[in-house]
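> Pasting input-v2.txt here (compact mmCIF, C-alpha atoms):
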# COMPACT_ATOMS: atom_id res chain seq x y z
CA ARG A 1444 -102.91 127.57 -110.96
CA LEU A 1445 -103.56 130.90 -109.27
CA PRO A 1446 -105.93 130.96 -106.29
CA GLU A 1447 -109.36 132.22 -107.26
CA PRO A 1448 -109.12 135.57 -105.35
CA ALA A 1449 -105.82 136.35 -107.11
CA ARG A 1450 -107.36 135.54 -110.51
CA ARG A 1451 -110.32 137.74 -109.63
CA TYR A 1452 -108.09 140.68 -108.68
CA LEU A 1453 -105.80 140.44 -111.72
CA GLY A 1454 -108.76 139.95 -114.04
CA HIS A 1455 -110.35 143.08 -112.61
CA ALA A 1456 -107.16 145.16 -112.63
CA LEU A 1457 -105.89 144.19 -116.10
CA ALA A 1458 -107.95 144.11 -119.27
CA ALA A 1459 -107.23 141.35 -121.78
CA GLY A 1460 -104.31 142.32 -124.02
CA THR A 1461 -102.82 144.86 -121.61
CA PRO A 1462 -99.06 145.18 -122.28
CA PRO A 1463 -96.69 144.15 -119.47
CA TYR A 1464 -96.07 147.71 -118.28
CA ARG A 1465 -93.02 148.24 -116.04
CA ARG A 1466 -93.49 151.89 -115.11
CA VAL A 1467 -96.27 154.31 -114.24
CA ARG A 1468 -96.23 158.08 -113.75
CA LEU A 1469 -98.87 159.45 -111.38
CA GLY A 1470 -100.12 162.96 -110.73
CA MET A 1471 -101.95 163.45 -107.45
CA HIS A 1472 -103.16 165.85 -104.81
CA GLY A 1473 -104.51 165.49 -101.31
CA TRP A 1474 -103.66 166.03 -97.67
CA ILE A 1475 -100.65 164.93 -95.62
CA ARG A 1476 -100.38 165.08 -91.84
CA ALA A 1477 -97.24 166.54 -90.29
CA GLY A 1478 -98.67 167.42 -86.89
CA ILE A 1479 -101.57 169.09 -88.72
CA TRP A 1480 -103.18 168.23 -92.05
CA LEU A 1481 -101.63 170.17 -94.95
CA PRO A 1482 -102.59 170.18 -98.65
CA PHE A 1483 -100.13 168.83 -101.21
CA ARG A 1484 -99.67 168.30 -104.92
CA ALA A 1485 -97.25 165.65 -106.15
CA ARG A 1486 -95.91 163.60 -109.01
CA GLN A 1487 -94.64 160.06 -108.62
CA VAL A 1488 -92.84 157.52 -110.77
CA ILE A 1489 -93.16 153.84 -109.82
CA ASP A 1490 -90.72 151.51 -111.56
CA ALA A 1491 -91.11 147.76 -111.06
CA ASP A 1492 -87.38 147.17 -111.44
CA ARG A 1493 -86.00 150.09 -109.44
CA GLY A 1494 -88.45 151.59 -106.93
CA PHE A 1495 -90.16 154.97 -106.77
CA LEU A 1496 -89.66 158.73 -106.72
CA TRP A 1497 -92.31 160.94 -105.04
CA GLN A 1498 -91.90 164.72 -105.26
CA ALA A 1499 -94.41 167.07 -103.66
CA THR A 1500 -95.10 170.69 -102.85
CA VAL A 1501 -96.89 171.04 -99.53
CA ALA A 1502 -98.97 173.96 -98.25
CA GLY A 1503 -98.67 175.89 -101.51
CA GLY A 1504 -94.88 175.59 -101.68
CA LEU A 1505 -94.05 176.19 -98.04
CA LEU A 1506 -92.46 172.74 -98.02
CA ARG A 1507 -90.90 170.68 -100.78
CA VAL A 1508 -90.69 166.96 -100.12
CA SER A 1509 -88.77 164.27 -101.98
CA ASP A 1510 -89.12 160.59 -101.11
CA ARG A 1511 -87.24 157.96 -103.11
CA TYR A 1512 -86.18 154.33 -103.22
CA ASP A 1513 -83.82 153.14 -105.94
CA ARG A 1514 -82.37 149.62 -105.92
CA GLY A 1515 -81.63 149.39 -102.24
CA ARG A 1516 -80.99 153.05 -101.45
CA ALA A 1517 -83.57 155.42 -100.02
CA GLN A 1518 -83.79 159.03 -98.93
CA THR A 1519 -86.48 161.34 -97.56
CA ARG A 1520 -85.83 165.07 -97.75
CA VAL A 1521 -87.90 168.08 -96.66
CA ASP A 1522 -86.90 171.66 -97.53
CA LEU A 1523 -88.48 174.96 -96.49
CA PHE A 1524 -89.45 176.85 -99.66
CA GLY A 1525 -87.16 174.43 -101.50
CA LEU A 1526 -84.13 176.23 -100.07
CA VAL A 1527 -83.64 175.55 -96.36
CA PRO A 1528 -83.11 171.87 -95.40
CA LEU A 1529 -85.41 170.75 -92.57
CA LEU A 1530 -85.04 166.97 -92.74
CA LYS A 1531 -82.83 164.44 -94.45
CA ALA A 1532 -83.29 160.77 -93.60
CA GLU A 1533 -81.37 157.88 -95.12
CA GLY A 1534 -79.61 154.68 -94.14
CA PRO A 1535 -80.38 150.95 -93.97
CA GLU A 1536 -83.58 151.18 -91.90
CA VAL A 1537 -84.98 153.98 -94.05
CA ALA A 1538 -84.27 151.78 -97.08
CA ARG A 1539 -86.04 148.78 -95.52
CA SER A 1540 -89.13 150.88 -94.83
CA ALA A 1541 -89.06 152.37 -98.33
CA LEU A 1542 -88.74 148.89 -99.87
CA GLY A 1543 -92.02 147.90 -98.19
CA ARG A 1544 -93.68 150.96 -99.66
CA ALA A 1545 -92.24 150.20 -103.10
CA VAL A 1546 -93.72 146.69 -103.05
CA ALA A 1547 -97.14 147.78 -101.75
CA GLU A 1548 -97.40 150.50 -104.39
CA ARG A 1549 -97.36 147.91 -107.14
CA VAL A 1550 -101.15 148.10 -106.84
CA TRP A 1551 -100.66 151.15 -109.12
CA LEU A 1552 -98.71 148.91 -111.48
CA PRO A 1553 -100.56 145.56 -111.30
CA THR A 1554 -98.65 144.20 -114.30
CA ALA A 1555 -95.76 143.96 -111.80
CA LEU A 1556 -97.87 141.56 -109.71
CA LEU A 1557 -98.40 138.96 -112.41
CA PRO A 1558 -97.24 135.49 -111.30
CA GLY A 1559 -93.70 134.42 -112.07
CA GLY A 1560 -90.61 136.59 -111.94
CA GLY A 1561 -90.48 136.61 -108.16
CA ILE A 1562 -94.23 136.82 -107.44
CA ALA A 1563 -96.20 134.06 -105.71
CA TRP A 1564 -99.89 134.24 -104.78
CA SER A 1565 -101.88 132.63 -101.99
CA ALA A 1566 -105.41 133.11 -100.67
CA PRO A 1567 -106.08 132.88 -96.92
CA ALA A 1568 -109.79 133.73 -97.42
CA PRO A 1569 -112.25 134.24 -100.31
CA ASP A 1570 -111.99 138.03 -100.00
CA HIS A 1571 -108.21 138.17 -99.44
CA ALA A 1572 -105.24 137.49 -101.70
CA VAL A 1573 -101.59 137.64 -100.65
CA ALA A 1574 -98.87 138.50 -103.16
CA THR A 1575 -95.44 137.47 -101.87
CA VAL A 1576 -92.76 139.48 -103.64
CA TRP A 1577 -89.15 138.25 -103.69
CA THR A 1578 -86.65 141.10 -103.84
CA ALA A 1579 -82.87 141.07 -103.72
CA ARG A 1580 -83.03 141.97 -100.02
CA LYS A 1581 -86.04 140.23 -98.48
CA THR A 1582 -89.36 138.58 -99.15
CA ILE A 1583 -92.37 140.87 -98.62
CA PRO A 1584 -96.00 139.70 -98.46
CA ILE A 1585 -98.72 142.23 -99.25
CA THR A 1586 -102.33 141.43 -98.40
CA LEU A 1587 -105.09 142.62 -100.72
CA ARG A 1588 -108.69 142.77 -99.50
CA LEU A 1589 -111.09 142.39 -102.41
CA ALA A 1590 -114.70 142.95 -103.34
CA ALA A 1591 -116.77 140.21 -104.97
CA ASP A 1592 -115.85 141.51 -108.45
CA GLY A 1593 -112.12 141.68 -107.67
CA ALA A 1594 -112.03 145.42 -106.97
CA LEU A 1595 -109.32 146.40 -104.51
CA ARG A 1596 -110.57 147.52 -101.10
CA SER A 1597 -107.28 147.71 -99.21
CA VAL A 1598 -103.62 146.72 -99.29
CA SER A 1599 -101.56 146.12 -96.15
CA LEU A 1600 -98.20 144.76 -95.00
CA PRO A 1601 -95.80 144.80 -92.05
CA ARG A 1602 -93.49 147.78 -92.64
CA ARG A 1603 -90.50 149.20 -90.80
CA LYS A 1604 -91.19 152.30 -88.69
CA ARG A 1605 -89.10 154.26 -86.25
CA GLU A 1606 -90.56 154.04 -82.76
CA GLY A 1607 -88.58 156.34 -80.51
CA ARG A 1608 -84.95 155.23 -80.73
CA ARG A 1609 -85.62 151.88 -82.31
CA TRP A 1610 -87.17 150.50 -85.47
CA ALA A 1611 -89.95 147.91 -85.51
CA GLU A 1612 -92.34 146.32 -87.98
CA VAL A 1613 -95.74 147.98 -87.73
CA PRO A 1614 -98.94 147.21 -89.66
CA PHE A 1615 -99.17 149.67 -92.56
CA GLY A 1616 -101.90 149.92 -95.13
CA MET A 1617 -104.08 151.84 -97.53
CA GLU A 1618 -107.86 151.89 -97.76
CA VAL A 1619 -109.08 152.26 -101.35
CA LEU A 1620 -112.15 154.49 -101.68
CA ALA A 1621 -112.39 154.63 -105.49
CA GLU A 1622 -110.81 153.13 -108.62
CA ASP A 1623 -110.55 154.16 -112.26
CA THR A 1624 -109.26 152.63 -115.49
CA SER A 1625 -106.80 153.94 -118.07
CA ASP A 1626 -104.83 152.07 -120.75
CA GLY A 1627 -106.58 148.85 -119.69
CA VAL A 1628 -105.34 149.11 -116.09
CA THR A 1629 -107.64 149.68 -113.09
CA VAL A 1630 -105.95 151.29 -110.07
CA PRO A 1631 -106.85 153.17 -106.89
CA VAL A 1632 -107.63 156.85 -107.48
CA ARG A 1633 -108.84 157.89 -104.03
CA GLY A 1634 -107.92 156.59 -100.60
CA ARG A 1635 -106.12 157.03 -97.29
CA ALA A 1636 -103.07 155.42 -95.76
CA GLY A 1637 -101.16 155.16 -92.52
CA TRP A 1638 -99.65 153.14 -89.71
CA TRP A 1639 -101.35 150.60 -87.43
CA PHE A 1640 -103.69 149.76 -90.27
CA GLY A 1641 -106.50 147.48 -89.21
CA ASP A 1642 -106.69 148.37 -85.52
CA ASP A 1643 -107.92 151.23 -83.32
CA ARG A 1644 -104.63 153.12 -83.56
CA PHE A 1645 -105.12 153.81 -87.27
CA ALA A 1646 -107.03 156.97 -86.34
CA ARG A 1647 -103.77 158.51 -85.12
CA GLY A 1648 -101.53 156.58 -87.53
CA GLU A 1649 -103.29 157.82 -90.68
CA PHE A 1650 -101.20 160.51 -92.37
CA PHE A 1651 -101.99 160.45 -96.10
CA ARG A 1652 -105.17 161.12 -98.10
CA PHE A 1653 -104.93 161.22 -101.87
CA VAL A 1654 -106.71 161.71 -105.18
CA ILE A 1655 -104.98 160.51 -108.36
CA ASP A 1656 -105.31 163.05 -111.18
CA GLY A 1657 -103.77 160.91 -113.92
CA ALA A 1658 -101.77 157.76 -114.62
CA GLU A 1659 -99.45 157.16 -117.60
CA PHE A 1660 -98.14 153.62 -118.13
CA SER A 1661 -95.07 152.67 -120.14
CA MET A 1662 -92.74 149.79 -120.95
CA GLU A 1663 -89.58 151.75 -120.05
CA ARG A 1664 -86.84 150.01 -118.11
Please go through the file and, once you have read it, give me the structure as structure tokens.

Amino acid sequence: RLPEPARRYLGHALAAGTPPYRRVRLGMHGWIRAGIWLPFRARQVIDADRGFLWQATVAGGLLRVSDRYDRGRAQTRVDLFGLVPLLKAEGPEVARSALGRAVAERVWLPTALLPGGGIAWSAPAPDHAVATVWTARKTIPITLRLAADGALRSVSLPRRKREGRRWAEVPFGMEVLAEDTSDGVTVPVRGRAGWWFGDDRFARGEFFRFVIDGAEFSMER
């Protein structure tokens, strides 16, 4: 009973017989913008039942960054040389923003987007599929733009962002520039992401460009 675009995406992303993986470990490198573009290397764990942990060294170790979301709690931390704290952000709004990221990043764990278990699919257009994810805290829709063969071209959602002294929902998204397959799962391996996705402000809202070096899937809970 899935809409055709959703079937096309899941059929492209998951080979027949793929186990229902619940966790993926990613290695990556790329560029992150913090005023200026800086190189980074990072490792990330995405867990369908808990959230994510992203740990990076930036500018050859000048900065160490940790970004996490775990069952309703979130924290972003930046340290100079891993020793001197520069930034520590946490609290309810940080957690709401991180939850949006956790849901959107299921495109690296498409087994966590299979229907049932809090996932419902709709299709507003032949080249778009919307996965609505029910969490313990809110319902989050993510919009996937697809190629004719089901390949992922972009993922986007409204996500919480601090704008001056207040928080607001801002269009956030990732453009997928390349995919690759391992263990029967096809995921993005090159792309760029940022705020105000889909309009003219994305040029200044883009802050993340990545290349995935490896993906390891597991059934761990």
> Would you please work out which residue, of A:Leu1556, A:Asp1656, A:Ala1502, A:Leu1457, is nearest to Arg1476 (chain A) when using all atoms listed in the file?
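Of the candidates, the smallest distance to Arg1476 (chain A) is held by A:Ala1502.
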> Go through A:Trp1638, A:Ser1625, A:Ile1479, A:Tyr1512 one by one, measure the shortest atom-to-atom distance of each to Ser1661 (chain A) using all atoms listed in the file, and give the residue with the smallest value.
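Once distances to Ser1661 (chain A) are computed over all atoms listed in the file, the minimum belongs to A:Ser1625.
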> Which one is closest to Ser1540 (chain A): A:Ala1485, A:Leu1505, A:Ala1611, A:Ile1475? Count all atoms listed in the file.
A:Ala1611
> At a cut-off of 8 Å, using only C-alpha atoms, what residues contact Glu1659 (chain A)? Leave out same-chain residues fewer than 2 positions from it and give the result as a short mmCIF file (atom, residue, chain, number, x, y, z; two decimals) with C-alpha atoms, in the frame of the given file.

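Generated output (result21.cif):
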data_model
loop_
_atom_site.label_atom_id
_atom_site.label_comp_id
_atom_site.auth_asym_id
_atom_site.auth_seq_id
_atom_site.Cartn_x
_atom_site.Cartn_y
_atom_site.Cartn_z
CA VAL A 1467 -96.27 154.31 -114.24
CA ARG A 1468 -96.23 158.08 -113.75
CA LEU A 1469 -98.87 159.45 -111.38
CA GLY A 1657 -103.77 160.91 -113.92
CA SER A 1661 -95.07 152.67 -120.14
#
> Please indicate the distance in Å from CA of Gln1487 (chain A) to CA of Glu1606 (chain A), rounded to one decimal place.
26.9 Å
> Please compute the CA of Arg1603 (chain A)-CA of Arg1493 (chain A) distance, one decimal, in Å.
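Going from CA of Arg1603 (chain A) over to CA of Arg1493 (chain A), I get 19.2 Å.
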> May I ask which of the residues A:Arg1444, A:Ala1449, A:Ala1458, A:Val1537 is the closest one to Leu1589 (chain A), counting only C-alpha atoms?
A:Ala1449
> Compare A:Ala1566, A:Arg1544, A:His1571, A:Leu1557 by their minimum atom-to-atom distance to Ile1583 (chain A), counting all atoms listed in the file, and give me the closest one.
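Of A:Ala1566, A:Arg1544, A:His1571, A:Leu1557, the one nearest Ile1583 (chain A), counting all atoms listed in the file, is A:Arg1544.
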> Return the single residue from A:Ala1532, A:Ala1477, A:Leu1595, A:Val1546 that is closest to Ala1574 (chain A), with distances computed using all atoms listed in the file.
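The shortest atom-to-atom distance to Ala1574 (chain A) comes from A:Val1546.
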> Please, which residues in region 1453-1563 of chain A fall within 12 Å of region 1596-1602 of chain A when counting only C-alpha atoms, and what is the closest atom pair and distance in Å to one decimal for each, ordered by chain then residue number, as a tab-separated table?

residue	atom	partner	partner_atom	distance
A:Glu1536	CA	A:Arg1602	CA	10.5
A:Val1537	CA	A:Arg1602	CA	10.6
A:Ala1538	CA	A:Arg1602	CA	11.0
A:Arg1539	CA	A:Arg1602	CA	8.0
A:Ser1540	CA	A:Arg1602	CA	5.8
A:Ala1541	CA	A:Arg1602	CA	8.5
A:Leu1542	CA	A:Arg1602	CA	8.7
A:Gly1543	CA	A:Arg1602	CA	5.7
A:Arg1544	CA	A:Arg1602	CA	7.7
A:Ala1545	CA	A:Arg1602	CA	10.8
A:Val1546	CA	A:Leu1600	CA	9.4
A:Ala1547	CA	A:Val1598	CA	7.0
A:Glu1548	CA	A:Val1598	CA	8.9
A:Arg1549	CA	A:Val1598	CA	10.1
A:Val1550	CA	A:Val1598	CA	8.1
A:Trp1551	CA	A:Val1598	CA	11.2
> Can I get the selected residues back with C-alpha atoms, as a PDB file, in the coordinates of the input?

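Dumped everything to selection21.pdb:
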ATOM      1  CA  GLU A1536     -83.580 151.180 -91.900  1.00  0.00           C
ATOM      2  CA  VAL A1537     -84.980 153.980 -94.050  1.00  0.00           C
ATOM      3  CA  ALA A1538     -84.270 151.780 -97.080  1.00  0.00           C
ATOM      4  CA  ARG A1539     -86.040 148.780 -95.520  1.00  0.00           C
ATOM      5  CA  SER A1540     -89.130 150.880 -94.830  1.00  0.00           C
ATOM      6  CA  ALA A1541     -89.060 152.370 -98.330  1.00  0.00           C
ATOM      7  CA  LEU A1542     -88.740 148.890 -99.870  1.00  0.00           C
ATOM      8  CA  GLY A1543     -92.020 147.900 -98.190  1.00  0.00           C
ATOM      9  CA  ARG A1544     -93.680 150.960 -99.660  1.00  0.00           C
ATOM     10  CA  ALA A1545     -92.240 150.200-103.100  1.00  0.00           C
ATOM     11  CA  VAL A1546     -93.720 146.690-103.050  1.00  0.00           C
ATOM     12  CA  ALA A1547     -97.140 147.780-101.750  1.00  0.00           C
ATOM     13  CA  GLU A1548     -97.400 150.500-104.390  1.00  0.00           C
ATOM     14  CA  ARG A1549     -97.360 147.910-107.140  1.00  0.00           C
ATOM     15  CA  VAL A1550    -101.150 148.100-106.840  1.00  0.00           C
ATOM     16  CA  TRP A1551    -100.660 151.150-109.120  1.00  0.00           C
TER      17      TRP A1551
END
> Mind checking which residues fall within 9 Å of Pro1535 (chain A), counting all atoms listed in the file, ignoring those fewer than 6 positions away in the same chain, and posting them as JSON, numbers by chain?
{"A": [1515, 1516, 1517]}
> Hey, what's within 6 Å of region 1524-1526 of chain A if we count all atoms listed in the file and toss same-chain stuff fewer than 3 positions away? As a ChimeraX atom specification, please?
/A:1504-1507
> Quote the spacing between CA of Ala1499 (chain A) and CA of Thr1519 (chain A) in Å to one decimal place.
11.5 Å
> Find the spatial neighbours of Phe1651 (chain A), counting all atoms listed in the file, within a cut-off of 8 Å - ignore same-chain residues fewer than 6 positions away - and output them as number ranges by chain.
A: 1473-1476, 1635-1637
> Could you rebuild region 1626-1645 of chain A with N, CA, C and O atoms and give it back as a PDB file, in the frame of the given file?

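Saved result, selection38.pdb, follows:
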ATOM      1  N   ASP A1626    -105.734 152.969-120.014  1.00  0.00           N
ATOM      2  CA  ASP A1626    -104.830 152.070-120.750  1.00  0.00           C
ATOM      3  C   ASP A1626    -105.038 150.607-120.369  1.00  0.00           C
ATOM      4  O   ASP A1626    -104.089 149.813-120.348  1.00  0.00           O
ATOM      5  N   GLY A1627    -106.284 150.237-120.034  1.00  0.00           N
ATOM      6  CA  GLY A1627    -106.580 148.850-119.690  1.00  0.00           C
ATOM      7  C   GLY A1627    -106.201 148.443-118.291  1.00  0.00           C
ATOM      8  O   GLY A1627    -106.281 147.258-117.942  1.00  0.00           O
ATOM      9  N   VAL A1628    -105.788 149.401-117.450  1.00  0.00           N
ATOM     10  CA  VAL A1628    -105.340 149.110-116.090  1.00  0.00           C
ATOM     11  C   VAL A1628    -106.245 149.840-115.096  1.00  0.00           C
ATOM     12  O   VAL A1628    -106.452 151.048-115.202  1.00  0.00           O
ATOM     13  N   THR A1629    -106.776 149.109-114.122  1.00  0.00           N
ATOM     14  CA  THR A1629    -107.640 149.680-113.090  1.00  0.00           C
ATOM     15  C   THR A1629    -106.856 149.789-111.797  1.00  0.00           C
ATOM     16  O   THR A1629    -106.324 148.793-111.293  1.00  0.00           O
ATOM     17  N   VAL A1630    -106.768 151.027-111.256  1.00  0.00           N
ATOM     18  CA  VAL A1630    -105.950 151.290-110.070  1.00  0.00           C
ATOM     19  C   VAL A1630    -106.705 152.183-109.099  1.00  0.00           C
ATOM     20  O   VAL A1630    -107.702 152.826-109.462  1.00  0.00           O
ATOM     21  N   PRO A1631    -106.238 152.258-107.852  1.00  0.00           N
ATOM     22  CA  PRO A1631    -106.850 153.170-106.890  1.00  0.00           C
ATOM     23  C   PRO A1631    -106.680 154.623-107.331  1.00  0.00           C
ATOM     24  O   PRO A1631    -105.596 155.015-107.785  1.00  0.00           O
ATOM     25  N   VAL A1632    -107.732 155.424-107.169  1.00  0.00           N
ATOM     26  CA  VAL A1632    -107.630 156.850-107.480  1.00  0.00           C
ATOM     27  C   VAL A1632    -108.036 157.733-106.300  1.00  0.00           C
ATOM     28  O   VAL A1632    -107.882 158.953-106.366  1.00  0.00           O
ATOM     29  N   ARG A1633    -108.538 157.127-105.247  1.00  0.00           N
ATOM     30  CA  ARG A1633    -108.840 157.890-104.030  1.00  0.00           C
ATOM     31  C   ARG A1633    -108.712 156.959-102.836  1.00  0.00           C
ATOM     32  O   ARG A1633    -109.144 155.800-102.908  1.00  0.00           O
ATOM     33  N   GLY A1634    -108.078 157.449-101.770  1.00  0.00           N
ATOM     34  CA  GLY A1634    -107.920 156.590-100.600  1.00  0.00           C
ATOM     35  C   GLY A1634    -107.203 157.298 -99.475  1.00  0.00           C
ATOM     36  O   GLY A1634    -106.951 158.506 -99.519  1.00  0.00           O
ATOM     37  N   ARG A1635    -106.837 156.512 -98.460  1.00  0.00           N
ATOM     38  CA  ARG A1635    -106.120 157.030 -97.290  1.00  0.00           C
ATOM     39  C   ARG A1635    -105.197 155.951 -96.780  1.00  0.00           C
ATOM     40  O   ARG A1635    -105.469 154.753 -96.931  1.00  0.00           O
ATOM     41  N   ALA A1636    -104.086 156.382 -96.170  1.00  0.00           N
ATOM     42  CA  ALA A1636    -103.070 155.420 -95.760  1.00  0.00           C
ATOM     43  C   ALA A1636    -102.442 155.832 -94.447  1.00  0.00           C
ATOM     44  O   ALA A1636    -102.480 157.012 -94.050  1.00  0.00           O
ATOM     45  N   GLY A1637    -101.842 154.837 -93.766  1.00  0.00           N
ATOM     46  CA  GLY A1637    -101.160 155.160 -92.520  1.00  0.00           C
ATOM     47  C   GLY A1637    -100.709 153.929 -91.771  1.00  0.00           C
ATOM     48  O   GLY A1637    -100.838 152.789 -92.235  1.00  0.00           O
ATOM     49  N   TRP A1638    -100.184 154.184 -90.578  1.00  0.00           N
ATOM     50  CA  TRP A1638     -99.650 153.140 -89.710  1.00  0.00           C
ATOM     51  C   TRP A1638    -100.731 152.525 -88.846  1.00  0.00           C
ATOM     52  O   TRP A1638    -101.779 153.103 -88.645  1.00  0.00           O
ATOM     53  N   TRP A1639    -100.429 151.364 -88.284  1.00  0.00           N
ATOM     54  CA  TRP A1639    -101.350 150.600 -87.430  1.00  0.00           C
ATOM     55  C   TRP A1639    -102.662 150.319 -88.163  1.00  0.00           C
ATOM     56  O   TRP A1639    -103.744 150.375 -87.590  1.00  0.00           O
ATOM     57  N   PHE A1640    -102.518 150.024 -89.443  1.00  0.00           N
ATOM     58  CA  PHE A1640    -103.690 149.760 -90.270  1.00  0.00           C
ATOM     59  C   PHE A1640    -104.411 148.517 -89.762  1.00  0.00           C
ATOM     60  O   PHE A1640    -103.804 147.493 -89.490  1.00  0.00           O
ATOM     61  N   GLY A1641    -105.710 148.631 -89.618  1.00  0.00           N
ATOM     62  CA  GLY A1641    -106.500 147.480 -89.210  1.00  0.00           C
ATOM     63  C   GLY A1641    -106.818 147.414 -87.733  1.00  0.00           C
ATOM     64  O   GLY A1641    -107.512 146.496 -87.298  1.00  0.00           O
ATOM     65  N   ASP A1642    -106.296 148.368 -86.924  1.00  0.00           N
ATOM     66  CA  ASP A1642    -106.690 148.370 -85.520  1.00  0.00           C
ATOM     67  C   ASP A1642    -107.063 149.793 -85.081  1.00  0.00           C
ATOM     68  O   ASP A1642    -107.045 150.732 -85.872  1.00  0.00           O
ATOM     69  N   ASP A1643    -107.387 149.950 -83.812  1.00  0.00           N
ATOM     70  CA  ASP A1643    -107.920 151.230 -83.320  1.00  0.00           C
ATOM     71  C   ASP A1643    -106.924 152.366 -83.420  1.00  0.00           C
ATOM     72  O   ASP A1643    -107.318 153.541 -83.420  1.00  0.00           O
ATOM     73  N   ARG A1644    -105.634 152.062 -83.502  1.00  0.00           N
ATOM     74  CA  ARG A1644    -104.630 153.120 -83.560  1.00  0.00           C
ATOM     75  C   ARG A1644    -104.510 153.769 -84.925  1.00  0.00           C
ATOM     76  O   ARG A1644    -103.801 154.765 -85.082  1.00  0.00           O
ATOM     77  N   PHE A1645    -105.204 153.222 -85.927  1.00  0.00           N
ATOM     78  CA  PHE A1645    -105.120 153.810 -87.270  1.00  0.00           C
ATOM     79  C   PHE A1645    -105.608 155.264 -87.272  1.00  0.00           C
ATOM     80  O   PHE A1645    -105.141 156.070 -88.075  1.00  0.00           O
TER      81      PHE A1645
END
